[in-house]
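Enquirer: Pasting in a structure now, in structure tokens, and then I'll have a few things to ask.
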Amino acid sequence: MLTENTPPNNAPDEDPAQRDARAVRRWYPLSFLLKLLVLMLIVLAIMFAIFFYAAGTDAGTKFILEKISVETGIDFKYGRGNLRDGIWVTDIDIEATEDLEILVDKAYVKIGWRAVFAKEVHLSDADIQTIEIINKKTTYW
């Protein structure tokens, strides 16, 4: 119902191109943000898929373990296996503190994945052959 105070929806002198341009200006930022969000989600999904695939191959596991070794300062030698199923590592040298060093001869470990995203390493299953804990701090009796 139109009264004399309300203008009609379609003014007869309004250009349809101007009406469409106004609608695009109103909705374009929302559309752009939605497209950007979808693109970011797709990129993240692809990154996780590549990481999951790399963790299942021997070469990808070796690459990831080298990066972990550099980041954490833990020295070890990669034996065989992959991060998804479990890996054999040898000659593990962990400097826990400046006074405490942990040496492991040979170990079969499975990594807990939730801790990886917190930049920590949790072993969900470990079979350690020999472990040696060395306290370098001198104690006087």
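Chain labels follow the order of the structure tokens: the first chain is A, the next B, and so on; residue numbering restarts at 1 in every chain, and ligands are counted from 1 in their shown order.
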Can you check which parts of range 27-104 of chain A lie within 10 Å of range 119-126 of chain A? Per residue, the shortest pair of atoms and distance in Å to one decimal, counting only C-alpha atoms, sorted by chain and number, as a tab-separated table.
Expert:
```
residue	atom	partner	partner_atom	distance
A:Ile68	CA	A:Lys119	CA	9.3
A:Glu71	CA	A:Lys119	CA	9.5
A:Thr72	CA	A:Glu120	CA	9.1
A:Gly86	CA	A:Asp125	CA	8.5
A:Ile87	CA	A:Ala126	CA	9.7
A:Trp88	CA	A:Ala126	CA	9.9
```
Enquirer: Could you please take those selected residues and save N, CA, C and O atoms as a CSV table (one decimal), in the first residue's frame?
Expert:
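Resulting contents of part_32.csv:
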```csv
chain,number,residue,atom,x,y,z
A,68,ILE,N,62.2,-31.4,13.0
A,68,ILE,CA,62.0,-31.4,14.4
A,68,ILE,C,63.3,-31.4,15.2
A,68,ILE,O,63.4,-30.8,16.2
A,71,GLU,N,64.6,-27.9,15.2
A,71,GLU,CA,63.8,-27.0,16.1
A,71,GLU,C,64.0,-27.3,17.6
A,71,GLU,O,64.1,-26.4,18.4
A,72,THR,N,64.1,-28.6,18.0
A,72,THR,CA,64.2,-28.9,19.4
A,72,THR,C,65.6,-29.1,19.9
A,72,THR,O,65.8,-29.1,21.1
A,86,GLY,N,54.6,-45.6,13.3
A,86,GLY,CA,55.7,-45.7,14.3
A,86,GLY,C,57.0,-45.7,13.6
A,86,GLY,O,57.1,-46.1,12.5
A,87,ILE,N,58.0,-45.3,14.3
A,87,ILE,CA,59.4,-45.2,13.7
A,87,ILE,C,60.4,-45.8,14.6
A,87,ILE,O,60.3,-45.8,15.8
A,88,TRP,N,61.5,-46.2,14.0
A,88,TRP,CA,62.7,-46.7,14.7
A,88,TRP,C,63.7,-45.6,14.7
A,88,TRP,O,64.0,-45.1,13.6
```
Enquirer: Once DSSP has gone over the backbone, tell me which residues of chain A are in alpha helix (DSSP H), as a tab-separated table (two decimals) with all heavy atoms, in the first residue's frame.
Expert:
```
chain	number	residue	atom	x	y	z
A	16	PRO	N	18.49	1.07	-14.55
A	16	PRO	CA	18.70	-0.28	-13.99
A	16	PRO	C	20.17	-0.57	-13.70
A	16	PRO	O	20.50	-1.29	-12.77
A	16	PRO	CB	18.17	-1.21	-15.08
A	16	PRO	CG	17.28	-0.37	-15.92
A	16	PRO	CD	17.78	1.03	-15.81
A	17	ALA	N	21.09	0.01	-14.44
A	17	ALA	CA	22.52	-0.22	-14.20
A	17	ALA	C	22.94	0.41	-12.88
A	17	ALA	O	23.74	-0.16	-12.13
A	17	ALA	CB	23.35	0.34	-15.35
A	18	GLN	N	22.39	1.58	-12.56
A	18	GLN	CA	22.72	2.21	-11.29
A	18	GLN	C	22.15	1.42	-10.13
A	18	GLN	O	22.77	1.29	-9.08
A	18	GLN	CB	22.18	3.64	-11.27
A	18	GLN	CG	22.93	4.59	-12.16
A	18	GLN	CD	22.33	5.98	-12.15
A	18	GLN	OE1	21.23	6.18	-11.63
A	18	GLN	NE2	23.05	6.92	-12.74
A	19	ARG	N	20.95	0.87	-10.31
A	19	ARG	CA	20.34	0.05	-9.26
A	19	ARG	C	21.19	-1.20	-9.02
A	19	ARG	O	21.47	-1.56	-7.87
A	19	ARG	CB	18.92	-0.33	-9.67
A	19	ARG	CG	18.19	-1.12	-8.59
A	19	ARG	CD	16.82	-1.57	-9.05
A	19	ARG	NE	16.96	-2.56	-10.11
A	19	ARG	CZ	16.37	-2.50	-11.30
A	19	ARG	NH1	15.58	-1.51	-11.60
A	19	ARG	NH2	16.56	-3.43	-12.20
A	20	ASP	N	21.65	-1.84	-10.10
A	20	ASP	CA	22.49	-3.02	-9.96
A	20	ASP	C	23.85	-2.67	-9.34
A	20	ASP	O	24.38	-3.43	-8.53
A	20	ASP	CB	22.70	-3.70	-11.31
A	20	ASP	CG	21.41	-4.29	-11.87
A	20	ASP	OD1	20.46	-4.47	-11.06
A	20	ASP	OD2	21.36	-4.57	-13.08
A	21	ALA	N	24.42	-1.54	-9.70
A	21	ALA	CA	25.70	-1.12	-9.14
A	21	ALA	C	25.57	-0.87	-7.64
A	21	ALA	O	26.47	-1.22	-6.86
A	21	ALA	CB	26.21	0.13	-9.85
A	22	ARG	N	24.46	-0.29	-7.22
A	22	ARG	CA	24.25	-0.05	-5.80
A	22	ARG	C	24.13	-1.38	-5.04
A	22	ARG	O	24.67	-1.54	-3.95
A	22	ARG	CB	22.98	0.79	-5.60
A	22	ARG	CG	22.84	1.29	-4.19
A	22	ARG	CD	21.66	2.24	-4.01
A	22	ARG	NE	21.22	2.83	-5.28
A	22	ARG	CZ	19.98	2.74	-5.78
A	22	ARG	NH1	19.05	2.13	-5.12
A	22	ARG	NH2	19.65	3.27	-6.92
A	23	ALA	N	23.46	-2.34	-5.63
A	23	ALA	CA	23.32	-3.65	-5.00
A	23	ALA	C	24.67	-4.37	-4.91
A	23	ALA	O	24.99	-5.00	-3.90
A	23	ALA	CB	22.32	-4.51	-5.76
A	24	VAL	N	25.47	-4.24	-5.94
A	24	VAL	CA	26.80	-4.88	-5.93
A	24	VAL	C	27.68	-4.24	-4.87
A	24	VAL	O	28.38	-4.93	-4.13
A	24	VAL	CB	27.45	-4.80	-7.33
A	24	VAL	CG1	28.93	-5.15	-7.26
A	24	VAL	CG2	26.74	-5.71	-8.29
A	25	ARG	N	27.66	-2.90	-4.77
A	25	ARG	CA	28.46	-2.22	-3.76
A	25	ARG	C	28.04	-2.63	-2.36
A	25	ARG	O	28.87	-2.72	-1.46
A	25	ARG	CB	28.31	-0.71	-3.90
A	25	ARG	CG	29.34	-0.11	-4.83
A	25	ARG	CD	29.27	1.39	-4.85
A	25	ARG	NE	28.40	1.74	-5.99
A	25	ARG	CZ	27.42	2.62	-5.96
A	25	ARG	NH1	27.18	3.30	-4.88
A	25	ARG	NH2	26.69	2.85	-7.02
A	26	ARG	N	26.77	-2.89	-2.17
A	26	ARG	CA	26.28	-3.27	-0.84
A	26	ARG	C	26.71	-4.69	-0.49
A	26	ARG	O	27.07	-4.96	0.64
A	26	ARG	CB	24.77	-3.15	-0.80
A	26	ARG	CG	24.21	-3.40	0.57
A	26	ARG	CD	22.71	-3.22	0.66
A	26	ARG	NE	22.14	-2.39	-0.39
A	26	ARG	CZ	21.02	-2.69	-1.05
A	26	ARG	NH1	20.37	-3.80	-0.79
A	26	ARG	NH2	20.55	-1.91	-1.98
A	27	TRP	N	26.68	-5.62	-1.44
A	27	TRP	CA	26.95	-7.03	-1.14
A	27	TRP	C	28.35	-7.51	-1.50
A	27	TRP	O	28.75	-8.59	-1.11
A	27	TRP	CB	25.92	-7.91	-1.86
A	27	TRP	CG	24.55	-7.71	-1.32
A	27	TRP	CD1	23.54	-7.03	-1.91
A	27	TRP	CD2	24.06	-8.14	-0.05
A	27	TRP	NE1	22.44	-7.03	-1.11
A	27	TRP	CE2	22.73	-7.70	0.05
A	27	TRP	CE3	24.61	-8.84	1.00
A	27	TRP	CZ2	21.95	-7.95	1.15
A	27	TRP	CZ3	23.83	-9.10	2.12
A	27	TRP	CH2	22.52	-8.65	2.18
A	28	TYR	N	29.11	-6.74	-2.23
A	28	TYR	CA	30.44	-7.18	-2.64
A	28	TYR	C	31.37	-7.43	-1.46
A	28	TYR	O	32.06	-8.46	-1.46
A	28	TYR	CB	31.06	-6.18	-3.61
A	28	TYR	CG	32.42	-6.61	-4.09
A	28	TYR	CD1	32.56	-7.64	-5.01
A	28	TYR	CD2	33.58	-6.01	-3.59
A	28	TYR	CE1	33.80	-8.06	-5.43
A	28	TYR	CE2	34.82	-6.43	-4.02
A	28	TYR	CZ	34.93	-7.45	-4.93
A	28	TYR	OH	36.16	-7.86	-5.35
A	29	PRO	N	31.48	-6.56	-0.45
A	29	PRO	CA	32.40	-6.85	0.65
A	29	PRO	C	32.07	-8.17	1.37
A	29	PRO	O	32.97	-8.93	1.72
A	29	PRO	CB	32.24	-5.66	1.60
A	29	PRO	CG	31.74	-4.57	0.73
A	29	PRO	CD	30.88	-5.23	-0.31
A	30	LEU	N	30.81	-8.46	1.56
A	30	LEU	CA	30.44	-9.72	2.20
A	30	LEU	C	30.82	-10.90	1.33
A	30	LEU	O	31.38	-11.88	1.81
A	30	LEU	CB	28.94	-9.75	2.49
A	30	LEU	CG	28.41	-11.02	3.14
A	30	LEU	CD1	29.03	-11.19	4.52
A	30	LEU	CD2	26.91	-10.99	3.22
A	31	SER	N	30.59	-10.78	0.05
A	31	SER	CA	30.95	-11.84	-0.88
A	31	SER	C	32.46	-12.03	-0.91
A	31	SER	O	32.95	-13.16	-0.93
A	31	SER	CB	30.43	-11.50	-2.27
A	31	SER	OG	30.90	-12.43	-3.21
A	32	PHE	N	33.22	-10.95	-0.90
A	32	PHE	CA	34.67	-11.04	-0.91
A	32	PHE	C	35.19	-11.73	0.34
A	32	PHE	O	36.06	-12.61	0.26
A	32	PHE	CB	35.28	-9.63	-1.04
A	32	PHE	CG	36.77	-9.63	-0.94
A	32	PHE	CD1	37.54	-10.08	-2.00
A	32	PHE	CD2	37.40	-9.19	0.20
A	32	PHE	CE1	38.92	-10.08	-1.93
A	32	PHE	CE2	38.78	-9.19	0.29
A	32	PHE	CZ	39.54	-9.64	-0.78
A	33	LEU	N	34.68	-11.37	1.50
A	33	LEU	CA	35.12	-12.00	2.75
A	33	LEU	C	34.76	-13.48	2.79
A	33	LEU	O	35.54	-14.30	3.27
A	33	LEU	CB	34.53	-11.27	3.96
A	33	LEU	CG	35.05	-9.86	4.19
A	33	LEU	CD1	34.32	-9.21	5.37
A	33	LEU	CD2	36.55	-9.88	4.43
A	34	LEU	N	33.59	-13.80	2.28
A	34	LEU	CA	33.18	-15.20	2.24
A	34	LEU	C	34.08	-16.00	1.31
A	34	LEU	O	34.53	-17.10	1.66
A	34	LEU	CB	31.72	-15.31	1.79
A	34	LEU	CG	31.11	-16.70	1.82
A	34	LEU	CD1	31.11	-17.23	3.25
A	34	LEU	CD2	29.72	-16.67	1.26
A	35	LYS	N	34.40	-15.45	0.16
A	35	LYS	CA	35.31	-16.12	-0.76
A	35	LYS	C	36.70	-16.27	-0.17
A	35	LYS	O	37.35	-17.30	-0.33
A	35	LYS	CB	35.39	-15.36	-2.08
A	35	LYS	CG	34.14	-15.44	-2.91
A	35	LYS	CD	34.26	-14.57	-4.14
A	35	LYS	CE	32.95	-14.51	-4.91
A	35	LYS	NZ	33.02	-13.58	-6.04
A	36	LEU	N	37.17	-15.25	0.52
A	36	LEU	CA	38.48	-15.30	1.17
A	36	LEU	C	38.51	-16.37	2.26
A	36	LEU	O	39.48	-17.14	2.36
A	36	LEU	CB	38.83	-13.93	1.76
A	36	LEU	CG	40.21	-13.80	2.38
A	36	LEU	CD1	41.28	-13.97	1.32
A	36	LEU	CD2	40.35	-12.46	3.07
A	37	LEU	N	37.45	-16.47	3.05
A	37	LEU	CA	37.37	-17.49	4.09
A	37	LEU	C	37.36	-18.89	3.49
A	37	LEU	O	38.07	-19.78	3.97
A	37	LEU	CB	36.12	-17.27	4.94
A	37	LEU	CG	35.89	-18.28	6.06
A	37	LEU	CD1	36.97	-18.16	7.11
A	37	LEU	CD2	34.52	-18.07	6.67
A	38	VAL	N	36.60	-19.10	2.45
A	38	VAL	CA	36.55	-20.41	1.80
A	38	VAL	C	37.91	-20.75	1.20
A	38	VAL	O	38.39	-21.89	1.33
A	38	VAL	CB	35.44	-20.44	0.72
A	38	VAL	CG1	35.56	-21.67	-0.16
A	38	VAL	CG2	34.08	-20.38	1.37
A	39	LEU	N	38.57	-19.79	0.59
A	39	LEU	CA	39.91	-20.02	0.03
A	39	LEU	C	40.91	-20.40	1.11
A	39	LEU	O	41.70	-21.33	0.94
A	39	LEU	CB	40.38	-18.78	-0.73
A	39	LEU	CG	41.78	-18.88	-1.34
A	39	LEU	CD1	41.77	-19.90	-2.46
A	39	LEU	CD2	42.25	-17.53	-1.81
A	40	MET	N	40.86	-19.71	2.25
A	40	MET	CA	41.77	-20.03	3.36
A	40	MET	C	41.50	-21.43	3.90
A	40	MET	O	42.43	-22.18	4.21
A	40	MET	CB	41.64	-18.98	4.46
A	40	MET	CG	42.26	-17.66	4.09
A	40	MET	SD	42.01	-16.33	5.30
A	40	MET	CE	42.43	-17.08	6.82
A	41	LEU	N	40.24	-21.82	4.01
A	41	LEU	CA	39.91	-23.16	4.48
A	41	LEU	C	40.39	-24.23	3.50
A	41	LEU	O	40.89	-25.28	3.92
A	41	LEU	CB	38.40	-23.29	4.71
A	41	LEU	CG	37.85	-22.53	5.91
A	41	LEU	CD1	36.34	-22.62	5.95
A	41	LEU	CD2	38.45	-23.07	7.19
A	42	ILE	N	40.27	-23.97	2.22
A	42	ILE	CA	40.74	-24.92	1.21
A	42	ILE	C	42.26	-25.06	1.28
A	42	ILE	O	42.80	-26.17	1.23
A	42	ILE	CB	40.28	-24.50	-0.20
A	42	ILE	CG1	38.76	-24.70	-0.33
A	42	ILE	CG2	41.01	-25.27	-1.27
A	42	ILE	CD1	38.17	-24.13	-1.60
A	43	VAL	N	42.97	-23.94	1.42
A	43	VAL	CA	44.43	-23.98	1.52
A	43	VAL	C	44.86	-24.75	2.77
A	43	VAL	O	45.79	-25.57	2.72
A	43	VAL	CB	45.02	-22.56	1.50
A	43	VAL	CG1	46.48	-22.54	1.89
A	43	VAL	CG2	44.83	-21.93	0.13
A	44	LEU	N	44.21	-24.52	3.89
A	44	LEU	CA	44.53	-25.26	5.12
A	44	LEU	C	44.26	-26.75	4.97
A	44	LEU	O	45.06	-27.58	5.42
A	44	LEU	CB	43.74	-24.70	6.31
A	44	LEU	CG	44.28	-23.42	6.92
A	44	LEU	CD1	43.32	-22.90	7.98
A	44	LEU	CD2	45.64	-23.65	7.52
A	45	ALA	N	43.16	-27.09	4.33
A	45	ALA	CA	42.85	-28.51	4.12
A	45	ALA	C	43.90	-29.17	3.23
A	45	ALA	O	44.32	-30.31	3.49
A	45	ALA	CB	41.46	-28.66	3.50
A	46	ILE	N	44.35	-28.46	2.20
A	46	ILE	CA	45.39	-29.01	1.33
A	46	ILE	C	46.70	-29.16	2.09
A	46	ILE	O	47.40	-30.18	1.95
A	46	ILE	CB	45.56	-28.11	0.08
A	46	ILE	CG1	44.34	-28.24	-0.83
A	46	ILE	CG2	46.84	-28.47	-0.68
A	46	ILE	CD1	44.31	-27.27	-1.97
A	47	MET	N	47.04	-28.20	2.94
A	47	MET	CA	48.28	-28.29	3.72
A	47	MET	C	48.23	-29.49	4.67
A	47	MET	O	49.21	-30.23	4.80
A	47	MET	CB	48.50	-26.99	4.51
A	47	MET	CG	48.98	-25.86	3.65
A	47	MET	SD	49.13	-24.28	4.53
A	47	MET	CE	49.96	-24.72	6.02
A	48	PHE	N	47.10	-29.70	5.35
A	48	PHE	CA	46.98	-30.84	6.25
A	48	PHE	C	47.02	-32.15	5.48
A	48	PHE	O	47.61	-33.13	5.94
A	48	PHE	CB	45.69	-30.76	7.08
A	48	PHE	CG	45.79	-29.83	8.24
A	48	PHE	CD1	44.88	-28.80	8.39
A	48	PHE	CD2	46.78	-29.98	9.20
A	48	PHE	CE1	44.97	-27.93	9.46
A	48	PHE	CE2	46.88	-29.12	10.28
A	48	PHE	CZ	45.98	-28.10	10.40
A	49	ALA	N	46.43	-32.19	4.30
A	49	ALA	CA	46.47	-33.41	3.48
A	49	ALA	C	47.90	-33.73	3.05
A	49	ALA	O	48.33	-34.89	3.09
A	49	ALA	CB	45.56	-33.27	2.27
A	50	ILE	N	48.66	-32.71	2.66
A	50	ILE	CA	50.06	-32.92	2.27
A	50	ILE	C	50.88	-33.38	3.46
A	50	ILE	O	51.70	-34.30	3.35
A	50	ILE	CB	50.63	-31.63	1.64
A	50	ILE	CG1	49.99	-31.37	0.29
A	50	ILE	CG2	52.15	-31.70	1.52
A	50	ILE	CD1	50.33	-30.03	-0.31
A	51	PHE	N	50.67	-32.77	4.63
A	51	PHE	CA	51.40	-33.18	5.83
A	51	PHE	C	51.04	-34.61	6.21
A	51	PHE	O	51.92	-35.41	6.57
A	51	PHE	CB	51.08	-32.24	6.99
A	51	PHE	CG	51.80	-32.59	8.25
A	51	PHE	CD1	53.14	-32.31	8.42
A	51	PHE	CD2	51.12	-33.23	9.29
A	51	PHE	CE1	53.80	-32.65	9.58
A	51	PHE	CE2	51.77	-33.58	10.44
A	51	PHE	CZ	53.13	-33.28	10.60
A	52	PHE	N	49.77	-34.97	6.12
A	52	PHE	CA	49.35	-36.34	6.45
A	52	PHE	C	49.97	-37.35	5.49
A	52	PHE	O	50.42	-38.41	5.90
A	52	PHE	CB	47.82	-36.43	6.41
A	52	PHE	CG	47.27	-37.74	6.86
A	52	PHE	CD1	47.27	-38.08	8.20
A	52	PHE	CD2	46.76	-38.64	5.95
A	52	PHE	CE1	46.76	-39.30	8.62
A	52	PHE	CE2	46.26	-39.87	6.35
A	52	PHE	CZ	46.26	-40.19	7.70
A	53	TYR	N	50.02	-37.00	4.21
A	53	TYR	CA	50.65	-37.89	3.23
A	53	TYR	C	52.15	-38.01	3.50
A	53	TYR	O	52.71	-39.11	3.45
A	53	TYR	CB	50.41	-37.37	1.81
A	53	TYR	CG	51.17	-38.15	0.77
A	53	TYR	CD1	50.74	-39.42	0.39
A	53	TYR	CD2	52.32	-37.64	0.18
A	53	TYR	CE1	51.44	-40.16	-0.54
A	53	TYR	CE2	53.02	-38.37	-0.76
A	53	TYR	CZ	52.58	-39.62	-1.11
A	53	TYR	OH	53.28	-40.35	-2.04
A	54	ALA	N	52.81	-36.87	3.78
A	54	ALA	CA	54.26	-36.89	4.04
A	54	ALA	C	54.58	-37.69	5.29
A	54	ALA	O	55.60	-38.37	5.35
A	54	ALA	CB	54.79	-35.47	4.16
A	55	ALA	N	53.72	-37.63	6.30
A	55	ALA	CA	53.96	-38.38	7.53
A	55	ALA	C	53.81	-39.88	7.31
A	55	ALA	O	54.30	-40.66	8.11
A	55	ALA	CB	52.99	-37.92	8.62
A	58	ASP	N	58.33	-42.74	4.00
A	58	ASP	CA	59.64	-42.73	4.64
A	58	ASP	C	60.40	-41.43	4.37
A	58	ASP	O	61.01	-40.86	5.28
A	58	ASP	CB	60.47	-43.93	4.18
A	58	ASP	CG	59.93	-45.24	4.71
A	58	ASP	OD1	59.12	-45.22	5.66
A	58	ASP	OD2	60.31	-46.30	4.17
A	59	ALA	N	60.37	-40.96	3.14
A	59	ALA	CA	61.08	-39.73	2.80
A	59	ALA	C	60.45	-38.52	3.51
A	59	ALA	O	61.17	-37.65	4.02
A	59	ALA	CB	61.07	-39.51	1.29
A	60	GLY	N	59.14	-38.46	3.54
A	60	GLY	CA	58.47	-37.36	4.23
A	60	GLY	C	58.73	-37.40	5.73
A	60	GLY	O	58.94	-36.37	6.37
A	61	THR	N	58.74	-38.61	6.31
A	61	THR	CA	59.02	-38.75	7.73
A	61	THR	C	60.44	-38.29	8.04
A	61	THR	O	60.67	-37.60	9.04
A	61	THR	CB	58.83	-40.22	8.16
A	61	THR	OG1	57.46	-40.56	7.97
A	61	THR	CG2	59.21	-40.42	9.60
A	62	LYS	N	61.38	-38.67	7.20
A	62	LYS	CA	62.77	-38.25	7.41
A	62	LYS	C	62.88	-36.73	7.36
A	62	LYS	O	63.56	-36.12	8.19
A	62	LYS	CB	63.68	-38.90	6.37
A	62	LYS	CG	65.13	-38.65	6.62
A	62	LYS	CD	66.00	-39.42	5.65
A	62	LYS	CE	67.47	-39.19	5.96
A	62	LYS	NZ	68.35	-39.94	5.09
A	63	PHE	N	62.22	-36.11	6.40
A	63	PHE	CA	62.24	-34.65	6.28
A	63	PHE	C	61.64	-33.98	7.52
A	63	PHE	O	62.22	-33.04	8.07
A	63	PHE	CB	61.47	-34.22	5.02
A	63	PHE	CG	61.34	-32.74	4.87
A	63	PHE	CD1	62.40	-31.98	4.44
A	63	PHE	CD2	60.14	-32.12	5.16
A	63	PHE	CE1	62.28	-30.61	4.30
A	63	PHE	CE2	60.00	-30.75	5.03
A	63	PHE	CZ	61.07	-30.00	4.59
A	64	ILE	N	60.49	-34.46	7.96
A	64	ILE	CA	59.83	-33.88	9.13
A	64	ILE	C	60.68	-34.07	10.38
A	64	ILE	O	60.82	-33.16	11.20
A	64	ILE	CB	58.42	-34.48	9.32
A	64	ILE	CG1	57.51	-34.04	8.16
A	64	ILE	CG2	57.82	-34.07	10.65
A	64	ILE	CD1	56.19	-34.77	8.10
A	65	LEU	N	61.29	-35.25	10.53
A	65	LEU	CA	62.14	-35.50	11.70
A	65	LEU	C	63.39	-34.62	11.70
A	65	LEU	O	63.84	-34.19	12.77
A	65	LEU	CB	62.53	-36.97	11.77
A	65	LEU	CG	61.41	-37.92	12.18
A	65	LEU	CD1	61.91	-39.35	12.14
A	65	LEU	CD2	60.87	-37.58	13.55
A	66	GLU	N	63.94	-34.35	10.54
A	66	GLU	CA	65.08	-33.43	10.47
A	66	GLU	C	64.68	-32.04	10.93
A	66	GLU	O	65.42	-31.37	11.64
A	66	GLU	CB	65.64	-33.38	9.05
A	66	GLU	CG	66.41	-34.62	8.65
A	66	GLU	CD	66.83	-34.63	7.19
A	66	GLU	OE1	66.53	-33.64	6.47
A	66	GLU	OE2	67.45	-35.61	6.77
A	67	LYS	N	63.50	-31.60	10.51
A	67	LYS	CA	63.01	-30.28	10.95
A	67	LYS	C	62.75	-30.26	12.46
A	67	LYS	O	63.05	-29.28	13.13
A	67	LYS	CB	61.73	-29.90	10.20
A	67	LYS	CG	61.94	-29.72	8.72
A	67	LYS	CD	62.94	-28.64	8.45
A	67	LYS	CE	63.18	-28.49	6.97
A	67	LYS	NZ	64.28	-27.60	6.65
A	68	ILE	N	62.20	-31.35	12.99
A	68	ILE	CA	61.97	-31.44	14.44
A	68	ILE	C	63.29	-31.42	15.18
A	68	ILE	O	63.43	-30.76	16.22
A	68	ILE	CB	61.16	-32.71	14.77
A	68	ILE	CG1	59.73	-32.57	14.28
A	68	ILE	CG2	61.18	-32.99	16.27
A	68	ILE	CD1	58.91	-33.84	14.41
A	69	SER	N	64.30	-32.12	14.65
A	69	SER	CA	65.61	-32.16	15.29
A	69	SER	C	66.24	-30.77	15.35
A	69	SER	O	66.81	-30.39	16.37
A	69	SER	CB	66.53	-33.12	14.53
A	69	SER	OG	67.82	-33.10	15.07
A	70	VAL	N	66.14	-30.03	14.27
A	70	VAL	CA	66.70	-28.68	14.23
A	70	VAL	C	65.95	-27.77	15.20
A	70	VAL	O	66.55	-26.98	15.93
A	70	VAL	CB	66.66	-28.11	12.80
A	70	VAL	CG1	66.97	-26.63	12.78
A	70	VAL	CG2	67.61	-28.88	11.91
A	71	GLU	N	64.64	-27.89	15.25
A	71	GLU	CA	63.81	-27.02	16.09
A	71	GLU	C	64.00	-27.30	17.58
A	71	GLU	O	64.05	-26.37	18.39
A	71	GLU	CB	62.34	-27.20	15.71
A	71	GLU	CG	61.39	-26.27	16.39
A	71	GLU	CD	61.47	-24.85	15.87
A	71	GLU	OE1	61.84	-24.64	14.71
A	71	GLU	OE2	61.15	-23.94	16.66
A	72	THR	N	64.10	-28.57	17.96
A	72	THR	CA	64.16	-28.92	19.37
A	72	THR	C	65.57	-29.10	19.90
A	72	THR	O	65.78	-29.06	21.11
A	72	THR	CB	63.39	-30.24	19.63
A	72	THR	OG1	63.99	-31.28	18.86
A	72	THR	CG2	61.93	-30.08	19.31
A	113	TRP	N	49.65	-37.14	18.29
A	113	TRP	CA	49.48	-36.06	17.32
A	113	TRP	C	48.94	-34.77	17.91
A	113	TRP	O	49.21	-33.70	17.39
A	113	TRP	CB	48.59	-36.53	16.18
A	113	TRP	CG	49.35	-37.43	15.30
A	113	TRP	CD1	49.25	-38.79	15.24
A	113	TRP	CD2	50.37	-37.08	14.38
A	113	TRP	NE1	50.14	-39.30	14.35
A	113	TRP	CE2	50.84	-38.27	13.79
A	113	TRP	CE3	50.94	-35.87	14.00
A	113	TRP	CZ2	51.85	-38.27	12.86
A	113	TRP	CZ3	51.94	-35.89	13.05
A	113	TRP	CH2	52.38	-37.08	12.49
A	114	ARG	N	48.20	-34.83	18.99
A	114	ARG	CA	47.68	-33.59	19.56
A	114	ARG	C	48.81	-32.70	20.06
A	114	ARG	O	48.72	-31.48	20.01
A	114	ARG	CB	46.70	-33.87	20.69
A	114	ARG	CG	45.39	-34.43	20.22
A	114	ARG	CD	44.50	-34.69	21.38
A	114	ARG	NE	45.11	-35.77	22.16
A	114	ARG	CZ	44.64	-36.23	23.28
A	114	ARG	NH1	43.55	-35.72	23.78
A	114	ARG	NH2	45.23	-37.21	23.92
A	115	ALA	N	49.88	-33.32	20.54
A	115	ALA	CA	50.99	-32.54	21.08
A	115	ALA	C	51.80	-31.86	19.98
A	115	ALA	O	52.43	-30.84	20.21
A	115	ALA	CB	51.90	-33.46	21.89
A	116	VAL	N	51.77	-32.39	18.77
A	116	VAL	CA	52.54	-31.80	17.68
A	116	VAL	C	52.05	-30.38	17.41
A	116	VAL	O	52.85	-29.47	17.17
A	116	VAL	CB	52.42	-32.66	16.40
A	116	VAL	CG1	53.02	-31.95	15.20
A	116	VAL	CG2	53.11	-33.99	16.62
```
Enquirer: Per DSSP on the backbone, filter chain A down to the residues in strand (DSSP E or B) and report them as a ChimeraX atom specification.
Expert: /A:75-82,86-95,100-112,122-128,131-135
Enquirer: Which residue out of A:Gly56, A:Ala118, A:Ile74, A:Asn135 has the minimum interatomic distance to Glu95 in chain A when only C-alpha atoms are used?
Expert: A:Ile74
